[in-house]
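> Handing you a structure now.
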Amino acid sequence: MPEIQAFRGIRYDLGHVGSLSDVIAPPYDVISPEFQDELYKKHPCNVVRLILNRKEPGDDEQNNCYLRARDFLKNWQSEGVLFTEADPALYVYHQEFTFAGQTFNRRGFMCRIKLSRFGEGKVFPHEETHSAAKADRLMLFTTCKANLSQTFGLYPDPECEAQNLLEAATEKLTPVEATDHLGVVHRMWMVTDPTVIARVSEVMGPKPIFIADGHHRYETSCNYRDQLHEMGLLTPDHPANFGMMMCVAMDDPGLAVLPTHRLFTGVPELTAEELIAKLGDAFDAKIVGEGADNAHAVWEEIETADNQGTIGLCTGKDMKWVLATITPAGRAKLAEVASDHNDDWRGLGVSILHKLIMDTLLGAVDLPKPNYVHLVDEVVDGLKSGVYPLAALVMPATVEHIRAISLGGERMPAKSTYFYPKLLSGLVFNTIE
């Protein structure tokens, strides 16, 4: 069962840095080089210098981005820019945001969680990971010896019992607050009451945790722990046995999963009629519009159908939209070419798109990584650029898909889910020394 603990977090001293909004950042993997420069300029102590230190000409083994991040962390601690909490705490974390004209408030809490390899405990992955990203994070982790960003975990709790215990404990507390570059308001409270912490730990004990985001960070924590074990340096109470995690109930009303649409390059140019011919009897396919702007109407039809097997495809050669719904023949073909996966995996829109349409029916294997976008307007802009010969609108996986596929021992294709908004880096750090 997952073991969670309060921890003495390392936080920014607002008396030194001023506004918390000036020193926070989104996760490293969504920071472009241009945005990295903006964050560098925003404040000399912005967390980007830790999570994504800029590479400089002449970097070598003695002077590089990982060592600079370590030095910033240590200097900021010695100078009082960062301080360590006096008491262990659970960190209640709210994110207030607007999407599609509605305002949401996603609630969760940050804690330390006992690490276990996927398949060995109650922590489950849902997406594939990449070795290069894990190697980069391990270098940073080993050098700085701290969780600089949290993993995002989901857990089943229909009554939101754990979160409600914490909400009651924060009623009279004042949060720290930051607003990010997208206008999302982030609020955090510290709960140090041992009775509340013990009760939350008890409630969470039997529950599984499903990684929603931060698979690389979680696996990196496990890799570092195992390195210490191999060197004989890992004691039972060593902090490297734990990782920092944001826990959000699957039933929290503020939990939003956005689609991740695809803009493909490297695909042979096709007309809509040619595409339909290649889809054959695997799909019930029809032309439903022309022009990039028709993406909005196509997406509305897909959302209304609420069917993972319905995908919108736009052929750049003639800018026509094809609405394709998988047929029984298509499902049989997918079962044949993806026999190493179960029915839950084969039922995902992204699995149908990549394994059946792209790999099998179009023969478009070993393509460059698609441009992943979340807004229909971004699909429209991409098509109008003339760069992409094929665009795909695809339904997002749900939290229930995550639960079923994870418990079945499967992992979804990359970018199956996008939990909005991203968790901030810079609210609190956890030392592993």
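Order determines the names: the first chain of the structure tokens is A, the second B, and so forth; residues in each chain are numbered 1 upward, and ligands are numbered 1 upward as they are shown.
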Env of Asp180 in chain A: 9 Å cut, atoms = only C-alpha atoms, seq-sep filter 4 positions within chain, self excluded. Answer as a list in words.

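Contacts, in chain order: Ser21, Asp22, Ile24, Ala25, Pro26, Val184, Val185, His186 and Leu424 of chain A.
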
> How would the residues just chosen look if you wrote them out with C-alpha atoms as a tab-separated table (two decimals), in the first residue's frame?


```tsv
chain	number	residue	atom	x	y	z
A	21	SER	CA	4.70	34.66	-9.22
A	22	ASP	CA	8.13	35.92	-10.32
A	24	ILE	CA	7.76	29.93	-10.25
A	25	ALA	CA	7.71	28.07	-13.59
A	26	PRO	CA	5.84	25.25	-15.31
A	184	VAL	CA	-3.90	30.15	-13.57
A	185	VAL	CA	-4.01	31.04	-9.86
A	186	HIS	CA	-2.07	28.65	-7.61
A	424	LEU	CA	4.02	24.59	-10.81
```

> Neighbours of Leu393 in chain A within 7 Å (only C-alpha atoms; same-chain residues fewer than 5 positions away dropped), as a ChimeraX atom specification?

/A:261-262,299,311-313

> Of the residues A:Arg49, A:Lys134, A:Lys172, A:Lys207, which is the one nearest to Gly121 in chain A, using only C-alpha atoms?

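Of A:Arg49, A:Lys134, A:Lys172, A:Lys207, the one nearest Gly121 in chain A is A:Lys207, counting only C-alpha atoms.
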
> Write out as a PyMOL selection string all residues of range 245-350 of chain A that backbone DSSP assigns to strand (DSSP E).

chain A and resi 245-249+256-258+261-264+283-290+310-315+320-326

> Write out as a ChimeraX atom specification all residues of range 30-197 of chain A that backbone DSSP assigns to alpha helix (DSSP H).

/A:33-42,48-51,65-79,131-144,161-169,194-197

> For range 244-251 of chain A, list every protein, DNA or RNA residue within 9 Å, evaluated using only C-alpha atoms, and leave out those in the same chain fewer than 6 positions away; present the list as a ChimeraX atom specification.

/A:91-93,106-113,147-160,162-163,209,218,399-400,423,429-430

> Name all residues at most 12 Å from Phe99 in chain A (count only C-alpha atoms; drop same-chain ones fewer than 2 positions away) and give them as a ChimeraX atom specification.

/A:96-97,101-105,182-184,254-258,374-375,420-421

> Atoms to include: N, CA and C atoms. Write the selected residues as a PDB file, in the first residue's frame.


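Once written, out37.pdb looks like this:
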```pdb
ATOM      1  N   GLU A  96      -6.792  27.311  -9.615  1.00  0.00           N
ATOM      2  CA  GLU A  96      -8.031  27.894 -10.135  1.00  0.00           C
ATOM      3  C   GLU A  96      -7.787  28.338 -11.568  1.00  0.00           C
ATOM      4  N   PHE A  97      -8.627  27.829 -12.498  1.00  0.00           N
ATOM      5  CA  PHE A  97      -8.394  28.112 -13.903  1.00  0.00           C
ATOM      6  C   PHE A  97      -9.715  28.163 -14.651  1.00  0.00           C
ATOM      7  N   GLY A 101     -14.876  28.589 -21.018  1.00  0.00           N
ATOM      8  CA  GLY A 101     -15.842  29.484 -20.403  1.00  0.00           C
ATOM      9  C   GLY A 101     -16.258  29.110 -18.999  1.00  0.00           C
ATOM     10  N   GLN A 102     -15.711  28.023 -18.456  1.00  0.00           N
ATOM     11  CA  GLN A 102     -16.037  27.600 -17.099  1.00  0.00           C
ATOM     12  C   GLN A 102     -14.839  27.773 -16.179  1.00  0.00           C
ATOM     13  N   THR A 103     -15.105  28.076 -14.913  1.00  0.00           N
ATOM     14  CA  THR A 103     -14.040  28.196 -13.921  1.00  0.00           C
ATOM     15  C   THR A 103     -13.984  26.921 -13.090  1.00  0.00           C
ATOM     16  N   PHE A 104     -12.786  26.392 -12.934  1.00  0.00           N
ATOM     17  CA  PHE A 104     -12.561  25.163 -12.179  1.00  0.00           C
ATOM     18  C   PHE A 104     -11.582  25.437 -11.045  1.00  0.00           C
ATOM     19  N   ASN A 105     -11.627  24.592 -10.019  1.00  0.00           N
ATOM     20  CA  ASN A 105     -10.644  24.647  -8.943  1.00  0.00           C
ATOM     21  C   ASN A 105     -10.197  23.223  -8.645  1.00  0.00           C
ATOM     22  N   LEU A 182      -0.183  31.717 -17.771  1.00  0.00           N
ATOM     23  CA  LEU A 182      -1.452  31.437 -18.433  1.00  0.00           C
ATOM     24  C   LEU A 182      -2.638  32.000 -17.653  1.00  0.00           C
ATOM     25  N   GLY A 183      -2.354  32.679 -16.539  1.00  0.00           N
ATOM     26  CA  GLY A 183      -3.423  33.250 -15.733  1.00  0.00           C
ATOM     27  C   GLY A 183      -3.999  32.297 -14.711  1.00  0.00           C
ATOM     28  N   VAL A 184      -3.435  31.102 -14.581  1.00  0.00           N
ATOM     29  CA  VAL A 184      -3.901  30.153 -13.570  1.00  0.00           C
ATOM     30  C   VAL A 184      -3.434  30.631 -12.198  1.00  0.00           C
ATOM     31  N   GLY A 254     -12.621  19.484 -10.036  1.00  0.00           N
ATOM     32  CA  GLY A 254     -11.763  20.366 -10.818  1.00  0.00           C
ATOM     33  C   GLY A 254     -10.798  19.640 -11.730  1.00  0.00           C
ATOM     34  N   LEU A 255     -10.881  18.304 -11.786  1.00  0.00           N
ATOM     35  CA  LEU A 255      -9.941  17.536 -12.604  1.00  0.00           C
ATOM     36  C   LEU A 255     -10.365  17.589 -14.066  1.00  0.00           C
ATOM     37  N   ALA A 256      -9.515  18.170 -14.909  1.00  0.00           N
ATOM     38  CA  ALA A 256      -9.832  18.321 -16.334  1.00  0.00           C
ATOM     39  C   ALA A 256      -8.772  17.597 -17.168  1.00  0.00           C
ATOM     40  N   VAL A 257      -9.237  16.789 -18.121  1.00  0.00           N
ATOM     41  CA  VAL A 257      -8.340  16.097 -19.049  1.00  0.00           C
ATOM     42  C   VAL A 257      -8.607  16.647 -20.444  1.00  0.00           C
ATOM     43  N   LEU A 258      -7.599  17.267 -21.037  1.00  0.00           N
ATOM     44  CA  LEU A 258      -7.761  17.868 -22.357  1.00  0.00           C
ATOM     45  C   LEU A 258      -7.271  16.905 -23.442  1.00  0.00           C
ATOM     46  N   HIS A 374      -3.222  21.091 -28.106  1.00  0.00           N
ATOM     47  CA  HIS A 374      -4.385  20.802 -27.275  1.00  0.00           C
ATOM     48  C   HIS A 374      -5.623  21.597 -27.676  1.00  0.00           C
ATOM     49  N   LEU A 375      -5.443  22.693 -28.364  1.00  0.00           N
ATOM     50  CA  LEU A 375      -6.558  23.540 -28.746  1.00  0.00           C
ATOM     51  C   LEU A 375      -6.860  23.368 -30.231  1.00  0.00           C
ATOM     52  N   TYR A 420      -4.733  19.514 -17.473  1.00  0.00           N
ATOM     53  CA  TYR A 420      -4.564  20.962 -17.420  1.00  0.00           C
ATOM     54  C   TYR A 420      -5.155  21.478 -16.116  1.00  0.00           C
ATOM     55  N   PRO A 421      -4.473  22.435 -15.478  1.00  0.00           N
ATOM     56  CA  PRO A 421      -3.171  23.011 -15.830  1.00  0.00           C
ATOM     57  C   PRO A 421      -2.014  22.174 -15.301  1.00  0.00           C
TER      58      PRO A 421
END
```

> Which residues are close to Lys317 in chain A, i.e. within 12 Å by only C-alpha atoms, leaving aside same-chain residues fewer than 5 positions away? Reply as a PDB file with C-alpha atoms, in the first residue's frame.


```
ATOM      1  CA  VAL A 267       3.453  11.581 -44.243  1.00  0.00           C
ATOM      2  CA  PRO A 268       2.905  11.202 -48.020  1.00  0.00           C
ATOM      3  CA  GLU A 269       0.464  13.852 -49.208  1.00  0.00           C
ATOM      4  CA  LEU A 270      -3.016  12.470 -49.812  1.00  0.00           C
ATOM      5  CA  THR A 271      -6.370  13.817 -50.898  1.00  0.00           C
ATOM      6  CA  ALA A 272      -9.403  13.032 -48.761  1.00  0.00           C
ATOM      7  CA  GLU A 273     -10.594  10.494 -51.332  1.00  0.00           C
ATOM      8  CA  GLU A 274      -7.192   8.780 -51.339  1.00  0.00           C
ATOM      9  CA  LEU A 275      -7.214   8.667 -47.527  1.00  0.00           C
ATOM     10  CA  GLU A 290     -13.312  21.719 -46.367  1.00  0.00           C
ATOM     11  CA  GLY A 291     -10.821  24.259 -45.039  1.00  0.00           C
ATOM     12  CA  ALA A 292      -8.760  24.472 -41.861  1.00  0.00           C
ATOM     13  CA  LEU A 383      -2.938  23.512 -41.181  1.00  0.00           C
ATOM     14  CA  LYS A 384      -2.850  27.082 -42.475  1.00  0.00           C
ATOM     15  CA  GLY A 386       1.167  24.524 -44.963  1.00  0.00           C
ATOM     16  CA  VAL A 387       3.758  22.531 -43.004  1.00  0.00           C
ATOM     17  CA  TYR A 388       1.597  19.541 -42.079  1.00  0.00           C
ATOM     18  CA  PRO A 389       0.202  17.116 -44.683  1.00  0.00           C
ATOM     19  CA  LEU A 390      -2.096  15.474 -42.129  1.00  0.00           C
ATOM     20  CA  ALA A 391      -3.872  16.596 -38.958  1.00  0.00           C
TER      21      ALA A 391
END
```

> What gap, in Å, lies between CA of Gly316 in chain A and CA of Ser385 in chain A?

10.1 Å
